[in-house]
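Text of the file protein29.txt, holding compact mmCIF, C-alpha atoms and all ligand atoms:
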# COMPACT_ATOMS: atom_id res chain seq x y z
CA MET A 1 -28.09 -71.10 11.02
CA VAL A 2 -26.41 -68.55 13.27
CA ALA A 3 -23.07 -67.47 11.89
CA GLU A 4 -19.86 -67.76 13.88
CA VAL A 5 -18.24 -64.35 14.26
CA ILE A 6 -14.61 -64.02 13.17
CA SER A 7 -13.25 -61.40 15.56
CA GLY A 8 -10.50 -59.35 13.99
CA ARG A 9 -9.87 -57.78 17.35
CA ASP A 10 -9.20 -61.10 19.12
CA LEU A 11 -7.04 -62.44 16.29
CA SER A 12 -5.11 -59.15 16.16
CA MET A 13 -4.43 -59.29 19.89
CA LYS A 14 -3.06 -62.82 19.54
CA LEU A 15 -0.87 -61.93 16.57
CA LYS A 16 0.36 -58.73 18.18
CA ALA A 17 1.40 -60.63 21.32
CA GLU A 18 3.43 -63.01 19.11
CA MET A 19 4.98 -60.09 17.23
CA LYS A 20 5.91 -58.36 20.47
CA GLN A 21 7.92 -61.43 21.47
CA GLU A 22 9.57 -61.55 18.08
CA ILE A 23 10.55 -57.88 18.35
CA ASP A 24 12.10 -58.54 21.78
CA THR A 25 14.26 -61.21 20.13
CA LEU A 26 15.17 -58.91 17.25
CA LYS A 27 16.16 -56.17 19.71
CA GLU A 28 18.62 -58.59 21.32
CA ARG A 29 20.23 -58.77 17.87
CA GLY A 30 20.30 -54.96 17.66
CA ILE A 31 17.40 -54.68 15.20
CA ILE A 32 14.55 -52.32 16.07
CA PRO A 33 11.87 -52.51 13.36
CA HIS A 34 10.95 -48.97 12.34
CA LEU A 35 7.91 -47.77 10.41
CA THR A 36 7.66 -44.27 8.96
CA VAL A 37 4.19 -43.07 8.01
CA VAL A 38 3.82 -39.99 5.81
CA LEU A 39 0.61 -38.03 6.25
CA VAL A 40 -0.19 -35.28 3.77
CA GLY A 41 -2.89 -32.75 4.67
CA ASP A 42 -5.54 -32.72 7.35
CA ASP A 43 -8.15 -35.32 6.40
CA PRO A 44 -9.62 -36.44 9.76
CA ALA A 45 -10.13 -40.07 8.66
CA SER A 46 -6.52 -40.33 7.42
CA ARG A 47 -5.26 -38.72 10.63
CA SER A 48 -7.19 -41.23 12.70
CA TYR A 49 -5.89 -44.21 10.65
CA VAL A 50 -2.32 -42.95 10.91
CA SER A 51 -2.45 -42.47 14.66
CA GLY A 52 -3.93 -46.00 14.97
CA LYS A 53 -0.90 -47.32 13.08
CA LYS A 54 1.54 -45.50 15.34
CA LYS A 55 -0.26 -46.61 18.50
CA ALA A 56 -0.24 -50.27 17.39
CA SER A 57 3.45 -50.05 16.46
CA ASN A 58 4.32 -48.71 19.88
CA GLU A 59 2.21 -51.34 21.66
CA ILE A 60 4.39 -54.13 20.29
CA GLY A 61 7.67 -52.31 20.92
CA MET A 62 8.26 -51.21 17.35
CA SER A 63 9.66 -47.78 16.62
CA SER A 64 7.54 -45.50 14.45
CA GLU A 65 7.23 -41.89 13.38
CA ILE A 66 4.69 -39.81 11.51
CA ILE A 67 5.96 -37.23 9.05
CA GLU A 68 3.29 -34.59 8.52
CA LEU A 69 3.30 -32.52 5.35
CA PRO A 70 0.92 -29.68 4.41
CA GLU A 71 -1.97 -30.23 1.97
CA SER A 72 -0.16 -27.86 -0.44
CA VAL A 73 3.05 -29.93 -0.63
CA SER A 74 4.32 -30.46 -4.18
CA GLU A 75 4.99 -33.84 -5.74
CA VAL A 76 8.69 -32.97 -5.96
CA GLU A 77 8.86 -32.19 -2.23
CA LEU A 78 7.10 -35.42 -1.34
CA LEU A 79 9.42 -37.39 -3.64
CA LYS A 80 12.40 -35.81 -1.84
CA VAL A 81 11.06 -36.97 1.54
CA ILE A 82 10.56 -40.51 0.23
CA ASN A 83 14.01 -40.56 -1.32
CA ARG A 84 15.53 -39.60 2.02
CA LEU A 85 13.59 -42.40 3.75
CA ASN A 86 14.67 -44.87 1.04
CA GLN A 87 18.33 -44.02 1.81
CA ASP A 88 17.92 -44.21 5.61
CA SER A 89 18.95 -47.70 6.75
CA THR A 90 17.19 -47.25 10.12
CA VAL A 91 13.82 -46.99 8.30
CA HIS A 92 12.49 -50.45 7.43
CA GLY A 93 8.94 -49.64 6.34
CA ILE A 94 7.53 -46.61 4.51
CA LEU A 95 3.81 -45.95 4.21
CA VAL A 96 2.33 -42.90 2.50
CA GLN A 97 -1.25 -42.56 3.66
CA LEU A 98 -3.77 -42.36 0.80
CA PRO A 99 -5.64 -40.49 -0.59
CA LEU A 100 -3.22 -37.74 -1.60
CA PRO A 101 -4.10 -34.17 -2.71
CA VAL A 102 -4.92 -33.65 -6.41
CA GLN A 103 -1.58 -32.02 -7.34
CA ILE A 104 0.21 -35.29 -6.54
CA ASN A 105 0.22 -38.26 -8.89
CA VAL A 106 -0.39 -41.24 -6.57
CA GLN A 107 1.28 -43.72 -8.88
CA HIS A 108 4.49 -41.63 -9.04
CA ILE A 109 4.63 -41.72 -5.24
CA ILE A 110 3.93 -45.44 -4.92
CA GLU A 111 6.58 -46.23 -7.53
CA SER A 112 9.17 -44.03 -5.78
CA ILE A 113 9.12 -46.14 -2.60
CA ASP A 114 11.90 -48.73 -2.41
CA PRO A 115 10.04 -52.04 -3.00
CA LYS A 116 12.00 -53.56 -0.09
CA LYS A 117 10.41 -50.94 2.22
CA ASP A 118 6.95 -50.99 0.62
CA VAL A 119 5.06 -52.40 3.60
CA ASP A 120 1.73 -51.46 1.96
CA GLY A 121 2.52 -53.87 -0.89
CA PHE A 122 1.35 -51.30 -3.46
CA HIS A 123 4.52 -51.03 -5.59
CA PRO A 124 4.05 -52.62 -9.04
CA ILE A 125 7.02 -54.92 -8.39
CA ASN A 126 5.35 -56.26 -5.25
CA ILE A 127 1.95 -56.51 -6.97
CA GLY A 128 3.65 -58.52 -9.71
CA LYS A 129 5.28 -60.82 -7.18
CA MET A 130 1.94 -61.32 -5.46
CA MET A 131 0.39 -62.27 -8.80
CA THR A 132 3.06 -64.85 -9.53
CA GLY A 133 2.89 -66.18 -5.98
CA GLU A 134 6.42 -65.09 -4.96
CA ASP A 135 7.09 -64.19 -1.35
CA THR A 136 6.65 -60.44 -0.89
CA PHE A 137 4.74 -57.81 1.09
CA LEU A 138 1.05 -58.50 0.65
CA PRO A 139 -1.37 -55.53 0.81
CA CYS A 140 -2.50 -55.28 4.41
CA THR A 141 -6.30 -55.50 4.16
CA PRO A 142 -6.33 -58.49 1.74
CA TYR A 143 -3.61 -60.17 3.81
CA GLY A 144 -5.68 -59.59 6.95
CA ILE A 145 -8.72 -61.15 5.29
CA MET A 146 -6.75 -64.25 4.25
CA THR A 147 -5.33 -64.52 7.78
CA MET A 148 -8.87 -64.40 9.21
CA LEU A 149 -10.00 -67.20 6.86
CA HIS A 150 -6.93 -69.29 7.75
CA SER A 151 -7.49 -68.74 11.48
CA LYS A 152 -10.81 -70.59 11.21
CA ASN A 153 -9.45 -73.25 8.82
CA ILE A 154 -12.02 -72.17 6.25
CA SER A 155 -11.30 -74.10 3.08
CA ILE A 156 -10.66 -71.98 0.02
CA GLU A 157 -9.60 -74.47 -2.66
CA GLY A 158 -12.36 -75.12 -5.17
CA LYS A 159 -14.68 -72.64 -3.46
CA HIS A 160 -16.49 -69.90 -5.36
CA ALA A 161 -15.27 -66.58 -3.98
CA VAL A 162 -17.16 -63.48 -5.03
CA VAL A 163 -15.47 -60.12 -4.43
CA ILE A 164 -17.58 -56.95 -4.59
CA GLY A 165 -15.24 -54.03 -5.28
CA ARG A 166 -12.22 -53.70 -7.55
CA SER A 167 -9.99 -51.12 -5.86
CA ASN A 168 -6.23 -51.54 -6.07
CA ILE A 169 -6.07 -51.59 -2.26
CA VAL A 170 -8.69 -54.25 -1.48
CA GLY A 171 -10.83 -55.78 -4.23
CA LYS A 172 -8.27 -56.64 -6.89
CA PRO A 173 -5.59 -58.02 -4.55
CA VAL A 174 -7.96 -60.03 -2.34
CA GLY A 175 -9.34 -61.74 -5.45
CA GLN A 176 -5.79 -62.56 -6.50
CA LEU A 177 -4.89 -64.01 -3.09
CA LEU A 178 -8.03 -66.17 -3.15
CA LEU A 179 -7.12 -67.32 -6.67
CA ASN A 180 -3.56 -68.12 -5.48
CA GLU A 181 -5.20 -70.53 -3.03
CA ASN A 182 -7.26 -72.14 -5.80
CA ALA A 183 -10.62 -70.48 -5.32
CA THR A 184 -12.76 -69.76 -8.37
CA VAL A 185 -13.02 -65.99 -8.26
CA THR A 186 -15.71 -63.64 -9.56
CA TYR A 187 -15.29 -59.87 -9.35
CA CYS A 188 -18.39 -57.68 -9.08
CA HIS A 189 -18.37 -53.87 -9.07
CA SER A 190 -20.52 -50.79 -9.56
CA LYS A 191 -21.24 -51.68 -13.21
CA THR A 192 -22.23 -55.28 -12.48
CA LYS A 193 -25.76 -56.07 -13.60
CA ASP A 194 -27.86 -58.14 -11.18
CA LEU A 195 -25.38 -58.25 -8.28
CA LYS A 196 -27.59 -60.67 -6.37
CA ALA A 197 -27.36 -63.30 -9.10
CA PHE A 198 -23.60 -63.47 -8.40
CA THR A 199 -23.58 -63.10 -4.62
CA LYS A 200 -26.14 -65.90 -4.29
CA LEU A 201 -23.51 -68.24 -5.78
CA ALA A 202 -20.74 -67.24 -3.36
CA ASP A 203 -19.23 -69.70 -0.89
CA ILE A 204 -16.99 -66.84 0.24
CA LEU A 205 -18.26 -63.28 -0.20
CA VAL A 206 -15.90 -60.33 0.28
CA VAL A 207 -17.79 -57.05 0.41
CA ALA A 208 -15.97 -53.74 -0.22
CA ILE A 209 -18.71 -51.48 -1.55
CA GLY A 210 -18.44 -48.46 0.76
CA LYS A 211 -22.18 -48.14 1.45
CA PRO A 212 -23.85 -49.12 4.71
CA ASN A 213 -25.83 -52.34 5.16
CA VAL A 214 -26.30 -53.15 1.46
CA ILE A 215 -25.83 -56.91 1.74
CA THR A 216 -28.71 -58.59 3.55
CA LYS A 217 -29.49 -62.30 3.88
CA ASP A 218 -31.37 -62.11 0.55
CA TYR A 219 -28.00 -61.78 -1.21
CA LEU A 220 -26.47 -64.86 0.41
CA LYS A 221 -26.28 -68.56 -0.16
CA GLU A 222 -26.96 -70.64 2.95
CA GLY A 223 -23.66 -71.24 4.78
CA ALA A 224 -21.67 -68.53 2.97
CA VAL A 225 -18.58 -67.02 4.61
CA VAL A 226 -19.10 -63.25 4.67
CA ILE A 227 -16.19 -60.81 4.97
CA ASP A 228 -17.22 -57.18 5.46
CA VAL A 229 -14.56 -54.62 4.53
CA GLY A 230 -16.86 -51.60 4.82
CA ILE A 231 -16.43 -48.90 7.46
CA ASN A 232 -19.35 -46.45 7.24
CA ARG A 233 -20.09 -43.78 9.79
CA LEU A 234 -23.82 -43.20 10.16
CA SER A 235 -25.37 -39.83 11.01
CA ASP A 236 -25.73 -40.90 14.66
CA GLY A 237 -21.96 -41.47 14.82
CA THR A 238 -22.04 -45.28 14.91
CA LEU A 239 -19.87 -47.38 12.63
CA THR A 240 -21.39 -50.00 10.40
CA GLY A 241 -20.23 -52.25 7.62
CA ASP A 242 -21.46 -52.80 4.06
CA VAL A 243 -23.24 -55.92 5.30
CA ASP A 244 -26.41 -55.92 7.39
CA PHE A 245 -24.82 -57.96 10.15
CA LYS A 246 -27.99 -59.07 11.92
CA SER A 247 -29.76 -60.23 8.78
CA ALA A 248 -26.68 -61.85 7.19
CA SER A 249 -25.84 -63.71 10.42
CA GLU A 250 -29.05 -65.72 10.01
CA VAL A 251 -27.77 -67.30 6.80
CA ALA A 252 -23.95 -67.15 6.85
CA SER A 253 -21.70 -69.78 8.43
CA TYR A 254 -19.01 -67.24 9.34
CA ILE A 255 -19.17 -63.44 9.36
CA THR A 256 -16.84 -60.58 10.27
CA PRO A 257 -18.25 -57.74 12.40
CA VAL A 258 -17.79 -53.97 11.99
CA PRO A 259 -16.13 -52.57 14.02
CA ARG A 260 -13.57 -55.10 15.36
CA GLY A 261 -13.45 -57.16 12.18
CA VAL A 262 -11.23 -56.56 9.17
CA GLY A 263 -10.14 -53.09 10.41
CA PRO A 264 -7.82 -54.19 13.23
CA MET A 265 -6.37 -56.90 10.98
CA THR A 266 -5.23 -54.30 8.43
CA ILE A 267 -3.03 -52.59 11.00
CA THR A 268 -1.79 -55.92 12.35
CA MET A 269 -0.62 -57.06 8.92
CA LEU A 270 1.17 -53.72 8.47
CA LEU A 271 3.14 -54.49 11.62
CA HIS A 272 3.82 -57.99 10.30
CA ASN A 273 5.12 -56.54 7.01
CA THR A 274 7.35 -54.06 8.85
CA ILE A 275 8.95 -56.85 10.87
CA LYS A 276 9.44 -58.77 7.64
CA ALA A 277 11.16 -55.71 6.14
CA ALA A 278 13.37 -55.28 9.20
CA LYS A 279 14.46 -58.92 8.89
CA GLY A 280 15.39 -58.21 5.27
CA LEU A 281 13.18 -61.02 4.04
CA VAL A 282 11.93 -59.23 0.92
CA LYS A 283 14.71 -58.85 -1.64
N1 LIG B 301 -5.80 -45.46 2.81
C1 LIG B 301 -6.79 -46.34 3.07
N2 LIG B 301 -6.27 -47.58 3.24
C2 LIG B 301 -4.93 -47.47 3.08
C3 LIG B 301 -3.85 -48.39 3.15
O1 LIG B 301 -4.01 -49.60 3.37
N3 LIG B 301 -2.61 -47.87 2.94
C4 LIG B 301 -2.41 -46.56 2.67
N4 LIG B 301 -1.16 -46.16 2.46
N5 LIG B 301 -3.38 -45.68 2.61
C5 LIG B 301 -4.64 -46.13 2.81
Let's see the structure in the file written out as structure tokens.
Ligand code: GUN
Amino acid sequence: MVAEVISGRDLSMKLKAEMKQEIDTLKERGIIPHLTVVLVGDDPASRSYVSGKKKASNEIGMSSEIIELPESVSEVELLKVINRLNQDSTVHGILVQLPLPVQINVQHIIESIDPKKDVDGFHPINIGKMMTGEDTFLPCTPYGIMTMLHSKNISIEGKHAVVIGRSNIVGKPVGQLLLNENATVTYCHSKTKDLKAFTKLADILVVAIGKPNVITKDYLKEGAVVIDVGINRLSDGTLTGDVDFKSASEVASYITPVPRGVGPMTITMLLHNTIKAAKGLVK
């Protein structure tokens, strides 16, 4: 078997073209969707992600701004900035780039964002709504993964989905979204004994380990759908996923590449959520 590649880049381009049209229509009604991204400190990876978000917003005609705060900013100061954005009716979406410096309690910050502007889908109210299957902002990477599966009409109901990773941003919510669509879900993580015994049973395998090329064909069931969330920079500067793409492609039915896989979809779903916020669809 040679796996079919699910291109996040191609799907993103299609979705962004549709969103651009929708924004043109919204502008005729006087609504300009606006995303504010808050960047604390100087982490190069965070800076690069944030500028990618602004660039993508601008490409589809959305308004966006980056508020930069120093690494030394206090929690109180950051809360003040968020409170101001919560009150500003021209701001539809607020995203505070993670991670944050040690003096700031991440959960305090997430919980201070108005849930109606929480385009990351990290607020406990929105996580709760996701769990109960209510319409809300879904976290962008898991939402992007589900959109990729849907784009290829990959059936989820009754399938065994194995998720490696249990972060609040990716692993936990993607497992929940797969469960919402009637998959049987197994979570694996750093303390799992005999990882391969689980991955070998996966019809759908979502890999968010954070280490390069761990998952080879030996970990896969024939015909598995393999979603690679990893973004690892090797010493020669190249980007690679958590999955050994070449090896896994020999066994998988579908596979996502790195780069141009899940990454572009994350930003695309952020734009989708911001439009949803601007339309006032999340109460
Ligand atoms: N850092 C890494 N991924 C994310 C994300 O999806 N949202 C935010 N706010 N920070 C991140």
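Taking only C-alpha atoms into account, Tyr49 (chain A) lies nearest to A:Leu98 out of the set A:Leu85, A:Met269, A:Ala3, A:Leu98.
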Quiz prompt | Within 6 Å of ligand LIG 301 (chain B), counting only C-alpha atoms and all ligand atoms, residues as a VMD selection string | solution = chain A and resid 95 to 98 120 140
With 6 Å on each side, where is the centre of the axis-aligned box around all listed atoms of region 107-114 of chain A, and how long are its edges in Å to one decimal, as lines of an AutoDock Vina configuration file?
center_x = 6.6
center_y = -45.2
center_z = -5.7
size_x = 22.6
size_y = 19.1
size_z = 18.6
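For the set A:His34, A:His108, A:Lys159, A:Lys217, the residue with the smallest atom-to-atom gap to Lys54 (chain A) is A:His34, counting all atoms listed in the file.
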Quiz item: Can you find the residues with an atom no farther than 10 Å from (-10.9, -67.1, -6.3), counting all atoms listed in the file, and report them as a PyMOL selection string?
Solution: chain A and resi 156-163+174-187+204
For the selection just defined, write its residues with C-alpha atoms to a file, as a compact mmCIF listing (two decimals), in the frame of the given file.
# COMPACT_ATOMS: atom_id res chain seq x y z
CA ILE A 156 -10.66 -71.98 0.02
CA GLU A 157 -9.60 -74.47 -2.66
CA GLY A 158 -12.36 -75.12 -5.17
CA LYS A 159 -14.68 -72.64 -3.46
CA HIS A 160 -16.49 -69.90 -5.36
CA ALA A 161 -15.27 -66.58 -3.98
CA VAL A 162 -17.16 -63.48 -5.03
CA VAL A 163 -15.47 -60.12 -4.43
CA VAL A 174 -7.96 -60.03 -2.34
CA GLY A 175 -9.34 -61.74 -5.45
CA GLN A 176 -5.79 -62.56 -6.50
CA LEU A 177 -4.89 -64.01 -3.09
CA LEU A 178 -8.03 -66.17 -3.15
CA LEU A 179 -7.12 -67.32 -6.67
CA ASN A 180 -3.56 -68.12 -5.48
CA GLU A 181 -5.20 -70.53 -3.03
CA ASN A 182 -7.26 -72.14 -5.80
CA ALA A 183 -10.62 -70.48 -5.32
CA THR A 184 -12.76 -69.76 -8.37
CA VAL A 185 -13.02 -65.99 -8.26
CA THR A 186 -15.71 -63.64 -9.56
CA TYR A 187 -15.29 -59.87 -9.35
CA ILE A 204 -16.99 -66.84 0.24
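In this structure, CA of Gly263 (chain A) sits 9.7 Å away from CA of Ile145 (chain A).
What separates CA of Val2 (chain A) from CA of Ser249 (chain A) is a distance of 5.6 Å.
Atom pair CA of Asp43 (chain A) / CA of Thr266 (chain A) has a distance of 19.3 Å (rounded to one decimal).
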Self-check item: Selection near region 12-28 of chain A, 10 Å with only C-alpha atoms, sequence-local residues under 3 positions removed, as a count of residues only
Solution: 31
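Minimum atom-to-atom distance to Gly52 (chain A), evaluated using all atoms listed in the file, belongs to A:Leu270 out of A:Leu270, A:Pro212, A:Ala202, A:Ile6.
With only C-alpha atoms as the basis for measurement, A:Ile94 is the residue among A:Val226, A:Val102, A:Ala277, A:Ile94 that approaches Val37 (chain A) most closely.
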Quiz prompt | Residue with smallest distance to Ile169 (chain A) - pool A:Leu138, A:Val282, A:Val225, A:Leu201, counting all atoms listed in the file | solution = A:Leu138
Quiz item: For Ala208 (chain A), which residue out of A:Ala224, A:Leu35, A:Leu234, A:Val170 is the nearest one, using only C-alpha atoms?
Solution: A:Val170
For Ile110 (chain A): contacts at 12 Å, all atoms listed in the file, fewer than 3 positions along chain excluded, given as a PDB file with C-alpha atoms, in the frame of the given file:
ATOM      1  CA  GLU A  75       4.990 -33.840  -5.740  1.00  0.00           C
ATOM      2  CA  LEU A  78       7.100 -35.420  -1.340  1.00  0.00           C
ATOM      3  CA  LEU A  79       9.420 -37.390  -3.640  1.00  0.00           C
ATOM      4  CA  ILE A  82      10.560 -40.510   0.230  1.00  0.00           C
ATOM      5  CA  ASN A  83      14.010 -40.560  -1.320  1.00  0.00           C
ATOM      6  CA  ILE A  94       7.530 -46.610   4.510  1.00  0.00           C
ATOM      7  CA  LEU A  95       3.810 -45.950   4.210  1.00  0.00           C
ATOM      8  CA  VAL A  96       2.330 -42.900   2.500  1.00  0.00           C
ATOM      9  CA  GLN A  97      -1.250 -42.560   3.660  1.00  0.00           C
ATOM     10  CA  LEU A  98      -3.770 -42.360   0.800  1.00  0.00           C
ATOM     11  CA  PRO A  99      -5.640 -40.490  -0.590  1.00  0.00           C
ATOM     12  CA  LEU A 100      -3.220 -37.740  -1.600  1.00  0.00           C
ATOM     13  CA  ILE A 104       0.210 -35.290  -6.540  1.00  0.00           C
ATOM     14  CA  ASN A 105       0.220 -38.260  -8.890  1.00  0.00           C
ATOM     15  CA  VAL A 106      -0.390 -41.240  -6.570  1.00  0.00           C
ATOM     16  CA  GLN A 107       1.280 -43.720  -8.880  1.00  0.00           C
ATOM     17  CA  ILE A 113       9.120 -46.140  -2.600  1.00  0.00           C
ATOM     18  CA  ASP A 114      11.900 -48.730  -2.410  1.00  0.00           C
ATOM     19  CA  PRO A 115      10.040 -52.040  -3.000  1.00  0.00           C
ATOM     20  CA  LYS A 117      10.410 -50.940   2.220  1.00  0.00           C
ATOM     21  CA  ASP A 118       6.950 -50.990   0.620  1.00  0.00           C
ATOM     22  CA  VAL A 119       5.060 -52.400   3.600  1.00  0.00           C
ATOM     23  CA  ASP A 120       1.730 -51.460   1.960  1.00  0.00           C
ATOM     24  CA  GLY A 121       2.520 -53.870  -0.890  1.00  0.00           C
ATOM     25  CA  PHE A 122       1.350 -51.300  -3.460  1.00  0.00           C
ATOM     26  CA  HIS A 123       4.520 -51.030  -5.590  1.00  0.00           C
ATOM     27  CA  PRO A 124       4.050 -52.620  -9.040  1.00  0.00           C
ATOM     28  CA  ILE A 125       7.020 -54.920  -8.390  1.00  0.00           C
ATOM     29  CA  ASN A 126       5.350 -56.260  -5.250  1.00  0.00           C
ATOM     30  CA  ILE A 127       1.950 -56.510  -6.970  1.00  0.00           C
ATOM     31  CA  ASN A 168      -6.230 -51.540  -6.070  1.00  0.00           C
TER      32      ASN A 168
END
Using only C-alpha atoms, which protein or nucleic acid residues come within 8 Å of Gly241 (chain A)? Drop anything in the same chain fewer than 2 positions from it, and give the result as a PDB file with C-alpha atoms, in the frame of the given file.
ATOM      1  CA  LYS A 211     -22.180 -48.140   1.450  1.00  0.00           C
ATOM      2  CA  PRO A 212     -23.850 -49.120   4.710  1.00  0.00           C
ATOM      3  CA  ASN A 213     -25.830 -52.340   5.160  1.00  0.00           C
ATOM      4  CA  ASP A 228     -17.220 -57.180   5.460  1.00  0.00           C
ATOM      5  CA  VAL A 229     -14.560 -54.620   4.530  1.00  0.00           C
ATOM      6  CA  GLY A 230     -16.860 -51.600   4.820  1.00  0.00           C
ATOM      7  CA  ILE A 231     -16.430 -48.900   7.460  1.00  0.00           C
ATOM      8  CA  ASN A 232     -19.350 -46.450   7.240  1.00  0.00           C
ATOM      9  CA  LEU A 239     -19.870 -47.380  12.630  1.00  0.00           C
ATOM     10  CA  VAL A 243     -23.240 -55.920   5.300  1.00  0.00           C
ATOM     11  CA  ASP A 244     -26.410 -55.920   7.390  1.00  0.00           C
ATOM     12  CA  PHE A 245     -24.820 -57.960  10.150  1.00  0.00           C
ATOM     13  CA  PRO A 257     -18.250 -57.740  12.400  1.00  0.00           C
ATOM     14  CA  VAL A 258     -17.790 -53.970  11.990  1.00  0.00           C
ATOM     15  CA  PRO A 259     -16.130 -52.570  14.020  1.00  0.00           C
TER      16      PRO A 259
END
